[in-house]
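Peer 1: upload_10.cif is the file, holding mmCIF, C-alpha atoms:
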data_protein
loop_
_atom_site.label_atom_id
_atom_site.label_comp_id
_atom_site.auth_asym_id
_atom_site.auth_seq_id
_atom_site.Cartn_x
_atom_site.Cartn_y
_atom_site.Cartn_z
CA MET A 46 73.47 122.16 106.28
CA LYS A 47 75.67 125.13 107.16
CA LYS A 48 74.74 127.67 109.82
CA LEU A 49 74.17 131.18 108.53
CA SER A 50 75.85 132.90 111.43
CA VAL A 51 78.18 131.56 114.04
CA ILE A 52 78.09 133.21 117.45
CA ARG A 53 81.41 132.89 119.19
CA GLU A 54 81.50 132.82 122.95
CA ASP A 55 84.72 134.85 122.72
CA ALA A 56 82.82 137.78 121.16
CA ILE A 57 81.04 138.39 124.47
CA ASP A 58 84.39 138.29 126.29
CA GLU A 59 85.87 140.79 123.83
CA SER A 60 83.00 143.23 124.23
CA PHE A 61 82.53 142.87 128.00
CA ARG A 62 85.65 143.03 130.14
CA ILE A 63 86.85 144.39 133.47
CA VAL A 64 89.85 146.69 133.52
CA GLN A 65 92.20 147.08 136.50
CA SER A 66 90.13 149.80 138.13
CA PRO A 67 86.60 148.94 139.33
CA VAL A 68 85.17 149.91 135.94
CA PHE A 69 83.51 147.72 133.32
CA VAL A 70 84.36 148.64 129.72
CA VAL A 71 81.77 147.77 127.08
CA THR A 72 82.84 147.89 123.44
CA ARG A 73 80.68 146.74 120.56
CA HIS A 74 80.02 147.83 116.96
CA GLY A 75 82.25 150.89 117.21
CA TRP A 76 80.75 152.22 120.44
CA SER A 77 82.54 152.17 123.75
CA LYS A 78 81.44 153.04 127.28
CA ARG A 79 82.83 152.74 130.79
CA CYS A 80 80.37 151.68 133.47
CA LEU A 81 80.71 151.48 137.23
CA SER A 82 78.27 148.59 137.68
CA ARG A 83 77.86 145.24 136.01
CA SER A 84 74.15 145.78 135.31
CA ALA A 85 74.83 149.12 133.60
CA ALA A 86 77.49 147.46 131.47
CA ILE A 87 75.11 144.67 130.44
CA ASN A 88 72.36 147.20 129.61
CA ASN A 89 74.73 149.26 127.47
CA LEU A 90 76.00 146.17 125.66
CA ALA A 91 72.40 145.10 124.95
CA HIS A 92 71.63 148.62 123.72
CA TYR A 93 74.56 148.55 121.28
CA MET A 94 73.67 145.09 119.99
CA VAL A 95 69.94 145.76 119.53
CA THR A 96 70.53 149.16 117.90
CA LYS A 97 72.91 147.64 115.35
CA THR A 98 70.53 144.75 114.62
CA PHE A 99 67.56 147.09 114.13
CA TYR A 100 69.66 149.37 111.92
CA ARG A 101 70.69 146.43 109.70
CA ALA A 102 67.11 145.18 109.47
CA GLY A 103 65.77 148.66 108.69
CA ILE A 104 63.49 148.73 111.74
CA GLU A 105 62.82 152.03 113.50
CA THR A 106 64.12 152.22 117.07
CA ASN A 107 62.37 155.46 118.06
CA ASP A 108 58.86 156.82 117.66
CA PRO A 109 58.58 160.15 115.84
CA MET A 110 57.86 163.28 117.90
CA TYR A 111 54.93 165.57 117.09
CA ASP A 112 54.10 169.14 118.12
CA GLU A 113 50.75 170.39 119.43
CA LEU A 114 49.39 170.70 115.88
CA ASN A 115 50.24 167.04 115.21
CA ARG A 116 53.07 167.90 112.82
CA PRO A 117 56.30 165.89 112.99
CA ILE A 118 59.20 167.68 114.68
CA LEU A 119 62.29 167.43 112.50
CA HIS A 120 65.71 166.56 113.91
CA SER A 121 64.34 165.16 117.15
CA ILE A 122 64.32 161.65 118.55
CA GLY A 123 61.27 160.33 120.36
CA GLN A 124 60.92 157.54 122.87
CA HIS A 125 62.12 154.03 122.04
CA THR A 126 59.49 151.79 120.47
CA GLN A 127 57.90 148.93 122.39
CA ARG A 128 59.43 146.49 119.92
CA TYR A 129 62.90 147.93 120.71
CA TRP A 130 62.39 147.57 124.48
CA PHE A 131 61.25 143.95 124.15
CA ALA A 132 64.33 143.16 122.04
CA HIS A 133 66.57 144.98 124.55
CA ILE A 134 65.16 142.98 127.47
CA ARG A 135 65.62 139.69 125.57
CA CYS A 136 69.19 140.61 124.64
CA ALA A 137 70.14 141.60 128.21
CA ARG A 138 68.63 138.35 129.52
CA ARG A 139 70.65 136.32 127.01
CA ILE A 140 73.86 138.14 127.91
CA ARG A 141 73.27 137.38 131.60
CA LEU A 142 72.59 133.73 130.72
CA ILE A 143 75.82 133.47 128.70
CA LEU A 144 77.83 135.03 131.54
CA ALA A 145 76.22 132.65 134.08
CA LYS A 146 77.07 129.65 131.90
CA LYS A 147 80.67 130.86 131.61
CA ARG A 148 80.89 131.18 135.42
CA GLU A 149 79.50 127.66 135.87
CA PHE A 150 81.98 126.28 133.35
CA LYS A 151 84.91 128.03 135.07
CA ALA A 152 83.80 126.64 138.45
CA TRP A 153 83.41 123.17 136.95
CA ALA A 154 86.83 123.36 135.23
CA ALA A 155 88.51 124.44 138.48
#
Output the structure of this file as structure tokens.
Peer 2:
Amino acid sequence: MKKLSVIREDAIDESFRIVQSPVFVVTRHGWSKRCLSRSAAINNLAHYMVTKTFYRAGIETNDPMYDELNRPILHSIGQHTQRYWFAHIRCARRIRLILAKKREFKAWAA
């Protein structure tokens, strides 16, 4: 049986790297951001990954906004859905786990 998708460990390295200055650069799915802290970089990477996955699956990432007469406000983005936040938290946790495993492997190899 063949796997449907293969996740390469190198993909995380390509999208999450440290440049010479004390800045983390996160690049994924056409988006790029510089972050000063590791946690901010992980959160942005998780945001990019979850947004792309939800977009491909056709799942809404934001709740619609309504005015005082309960009419939808056009061209406005509401708060993220609960489903989006749960997926974001899971994704960030998995990224941290992958990075921890890579650190353990480097320590073991050395």
Peer 1: Give the answer as one residue: which of A:Ala102, A:Arg148, A:Ile143, A:Val95 has the shortest atom-to-atom distance to Tyr129 (chain A), using all atoms listed in the file?
Peer 2: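 Closest to Tyr129 (chain A), using all atoms listed in the file: A:Val95.
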Peer 1: Would you write out, as a PyMOL selection string, every residue that the PyMOL selection byres ((chain A and resi 72) around 10) captures in this file?
Peer 2: chain A and resi 57+59-62+69-71+73-79+86+89-90+93
Peer 1: Taking the file as shown, what set of residues would the PyMOL selection byres ((chain A and resi 123) around 9) give back, as a list in words?
Peer 2: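 For this structure, the PyMOL selection byres ((chain A and resi 123) around 9) captures Asn107, Asp108, Pro109, Met110, Tyr111, Ser121, Ile122, Gln124, His125 and Thr126 of chain A.
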Peer 1: Quick one: residues within 12 Å of Trp130 (chain A), all atoms listed in the file, excluding same-chain residues fewer than 5 positions away - as an mmCIF file with C-alpha atoms, in the frame of the given file?
Peer 2:
data_model
loop_
_atom_site.group_PDB
_atom_site.id
_atom_site.type_symbol
_atom_site.label_atom_id
_atom_site.label_comp_id
_atom_site.auth_asym_id
_atom_site.auth_seq_id
_atom_site.Cartn_x
_atom_site.Cartn_y
_atom_site.Cartn_z
ATOM 1 C CA ASN A 88 72.360 147.200 129.610
ATOM 2 C CA ALA A 91 72.400 145.100 124.950
ATOM 3 C CA HIS A 92 71.630 148.620 123.720
ATOM 4 C CA VAL A 95 69.940 145.760 119.530
ATOM 5 C CA THR A 96 70.530 149.160 117.900
ATOM 6 C CA PHE A 99 67.560 147.090 114.130
ATOM 7 C CA GLU A 105 62.820 152.030 113.500
ATOM 8 C CA THR A 106 64.120 152.220 117.070
ATOM 9 C CA ASN A 107 62.370 155.460 118.060
ATOM 10 C CA GLN A 124 60.920 157.540 122.870
ATOM 11 C CA HIS A 125 62.120 154.030 122.040
ATOM 12 C CA ARG A 135 65.620 139.690 125.570
ATOM 13 C CA CYS A 136 69.190 140.610 124.640
ATOM 14 C CA ALA A 137 70.140 141.600 128.210
#
Peer 1: Can you tell me how far CA of Lys146 (chain A) sits from CA of Ala56 (chain A), in Å to one decimal?
Peer 2: 14.6 Å
Peer 1: Which of these, A:Val68, A:Leu81, A:Met94, A:Ile87, has the shortest distance to Arg138 (chain A) once you count all atoms listed in the file?
Peer 2: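 Once distances to Arg138 (chain A) are computed over all atoms listed in the file, the minimum belongs to A:Ile87.
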Peer 1: Go ahead and fit an axis-aligned box to every listed atom of region 129-132 of chain A plus 6 Å each side, and pass me the centre and edge lengths in Å, one decimal, as AutoDock Vina command-line options.
Peer 2:
--center_x 62.8 --center_y 145.5 --center_z 122.6 --size_x 15.1 --size_y 16.8 --size_z 15.8
Peer 1: As an exercise, work out the distance from CA of Asp58 (chain A) to CA of Ala154 (chain A) in Å and give it to one decimal place.
Peer 2: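 These two atoms are separated by 17.6 Å.
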Peer 1: Ranking A:Lys147, A:Ile140, A:Ile134, A:Ala155 by minimum distance to Arg83 (chain A) and counting all atoms listed in the file, which one comes first?
Peer 2: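 Nearest candidate to Arg83 (chain A) out of A:Lys147, A:Ile140, A:Ile134, A:Ala155: A:Ile140.
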Peer 1: Complete the atom set of region 68-88 of chain A to N, CA, C and O atoms and return it as a PDB file, keeping the file's coordinate frame.
Peer 2:
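Written output follows (selection-v3.pdb):
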ATOM      1  N   VAL A  68      85.992 149.390 137.025  1.00  0.00           N
ATOM      2  CA  VAL A  68      85.170 149.910 135.940  1.00  0.00           C
ATOM      3  C   VAL A  68      85.005 148.813 134.900  1.00  0.00           C
ATOM      4  O   VAL A  68      85.952 148.124 134.551  1.00  0.00           O
ATOM      5  N   PHE A  69      83.783 148.643 134.409  1.00  0.00           N
ATOM      6  CA  PHE A  69      83.510 147.720 133.320  1.00  0.00           C
ATOM      7  C   PHE A  69      83.580 148.517 132.025  1.00  0.00           C
ATOM      8  O   PHE A  69      83.013 149.600 131.935  1.00  0.00           O
ATOM      9  N   VAL A  70      84.259 147.975 131.020  1.00  0.00           N
ATOM     10  CA  VAL A  70      84.360 148.640 129.720  1.00  0.00           C
ATOM     11  C   VAL A  70      83.575 147.806 128.717  1.00  0.00           C
ATOM     12  O   VAL A  70      83.842 146.616 128.547  1.00  0.00           O
ATOM     13  N   VAL A  71      82.599 148.442 128.077  1.00  0.00           N
ATOM     14  CA  VAL A  71      81.770 147.770 127.080  1.00  0.00           C
ATOM     15  C   VAL A  71      82.130 148.343 125.726  1.00  0.00           C
ATOM     16  O   VAL A  71      82.084 149.555 125.527  1.00  0.00           O
ATOM     17  N   THR A  72      82.495 147.479 124.790  1.00  0.00           N
ATOM     18  CA  THR A  72      82.840 147.890 123.440  1.00  0.00           C
ATOM     19  C   THR A  72      82.139 146.967 122.465  1.00  0.00           C
ATOM     20  O   THR A  72      82.284 145.745 122.555  1.00  0.00           O
ATOM     21  N   ARG A  73      81.390 147.557 121.551  1.00  0.00           N
ATOM     22  CA  ARG A  73      80.680 146.740 120.560  1.00  0.00           C
ATOM     23  C   ARG A  73      80.267 147.630 119.400  1.00  0.00           C
ATOM     24  O   ARG A  73      79.760 148.727 119.612  1.00  0.00           O
ATOM     25  N   HIS A  74      80.465 147.152 118.180  1.00  0.00           N
ATOM     26  CA  HIS A  74      80.020 147.830 116.960  1.00  0.00           C
ATOM     27  C   HIS A  74      80.485 149.274 116.870  1.00  0.00           C
ATOM     28  O   HIS A  74      79.757 150.156 116.425  1.00  0.00           O
ATOM     29  N   GLY A  75      81.694 149.549 117.320  1.00  0.00           N
ATOM     30  CA  GLY A  75      82.250 150.890 117.210  1.00  0.00           C
ATOM     31  C   GLY A  75      81.926 151.821 118.363  1.00  0.00           C
ATOM     32  O   GLY A  75      82.435 152.929 118.430  1.00  0.00           O
ATOM     33  N   TRP A  76      81.071 151.403 119.273  1.00  0.00           N
ATOM     34  CA  TRP A  76      80.750 152.220 120.440  1.00  0.00           C
ATOM     35  C   TRP A  76      81.502 151.680 121.636  1.00  0.00           C
ATOM     36  O   TRP A  76      81.765 150.492 121.756  1.00  0.00           O
ATOM     37  N   SER A  77      81.827 152.573 122.556  1.00  0.00           N
ATOM     38  CA  SER A  77      82.540 152.170 123.750  1.00  0.00           C
ATOM     39  C   SER A  77      82.031 152.985 124.927  1.00  0.00           C
ATOM     40  O   SER A  77      81.727 154.169 124.777  1.00  0.00           O
ATOM     41  N   LYS A  78      81.924 152.352 126.094  1.00  0.00           N
ATOM     42  CA  LYS A  78      81.440 153.040 127.280  1.00  0.00           C
ATOM     43  C   LYS A  78      82.039 152.398 128.508  1.00  0.00           C
ATOM     44  O   LYS A  78      82.210 151.193 128.573  1.00  0.00           O
ATOM     45  N   ARG A  79      82.375 153.225 129.491  1.00  0.00           N
ATOM     46  CA  ARG A  79      82.830 152.740 130.790  1.00  0.00           C
ATOM     47  C   ARG A  79      81.665 152.804 131.752  1.00  0.00           C
ATOM     48  O   ARG A  79      80.967 153.810 131.817  1.00  0.00           O
ATOM     49  N   CYS A  80      81.481 151.752 132.525  1.00  0.00           N
ATOM     50  CA  CYS A  80      80.370 151.680 133.470  1.00  0.00           C
ATOM     51  C   CYS A  80      80.904 151.269 134.836  1.00  0.00           C
ATOM     52  O   CYS A  80      81.841 150.487 134.941  1.00  0.00           O
ATOM     53  N   LEU A  81      80.280 151.794 135.877  1.00  0.00           N
ATOM     54  CA  LEU A  81      80.710 151.480 137.230  1.00  0.00           C
ATOM     55  C   LEU A  81      80.063 150.202 137.770  1.00  0.00           C
ATOM     56  O   LEU A  81      80.573 149.593 138.693  1.00  0.00           O
ATOM     57  N   SER A  82      78.936 149.798 137.196  1.00  0.00           N
ATOM     58  CA  SER A  82      78.270 148.590 137.680  1.00  0.00           C
ATOM     59  C   SER A  82      78.131 147.571 136.561  1.00  0.00           C
ATOM     60  O   SER A  82      78.102 147.914 135.377  1.00  0.00           O
ATOM     61  N   ARG A  83      78.005 146.330 136.967  1.00  0.00           N
ATOM     62  CA  ARG A  83      77.860 145.240 136.010  1.00  0.00           C
ATOM     63  C   ARG A  83      76.540 145.337 135.265  1.00  0.00           C
ATOM     64  O   ARG A  83      76.476 145.120 134.051  1.00  0.00           O
ATOM     65  N   SER A  84      75.466 145.691 135.959  1.00  0.00           N
ATOM     66  CA  SER A  84      74.150 145.780 135.310  1.00  0.00           C
ATOM     67  C   SER A  84      74.118 146.901 134.275  1.00  0.00           C
ATOM     68  O   SER A  84      73.520 146.747 133.207  1.00  0.00           O
ATOM     69  N   ALA A  85      74.763 148.027 134.571  1.00  0.00           N
ATOM     70  CA  ALA A  85      74.830 149.120 133.600  1.00  0.00           C
ATOM     71  C   ALA A  85      75.626 148.697 132.370  1.00  0.00           C
ATOM     72  O   ALA A  85      75.264 149.035 131.236  1.00  0.00           O
ATOM     73  N   ALA A  86      76.689 147.939 132.591  1.00  0.00           N
ATOM     74  CA  ALA A  86      77.490 147.460 131.470  1.00  0.00           C
ATOM     75  C   ALA A  86      76.691 146.502 130.589  1.00  0.00           C
ATOM     76  O   ALA A  86      76.746 146.592 129.358  1.00  0.00           O
ATOM     77  N   ILE A  87      75.937 145.611 131.211  1.00  0.00           N
ATOM     78  CA  ILE A  87      75.110 144.670 130.440  1.00  0.00           C
ATOM     79  C   ILE A  87      74.029 145.422 129.671  1.00  0.00           C
ATOM     80  O   ILE A  87      73.770 145.122 128.505  1.00  0.00           O
ATOM     81  N   ASN A  88      73.401 146.418 130.302  1.00  0.00           N
ATOM     82  CA  ASN A  88      72.360 147.200 129.610  1.00  0.00           C
ATOM     83  C   ASN A  88      72.934 147.966 128.427  1.00  0.00           C
ATOM     84  O   ASN A  88      72.303 148.038 127.369  1.00  0.00           O
TER      85      ASN A  88
END
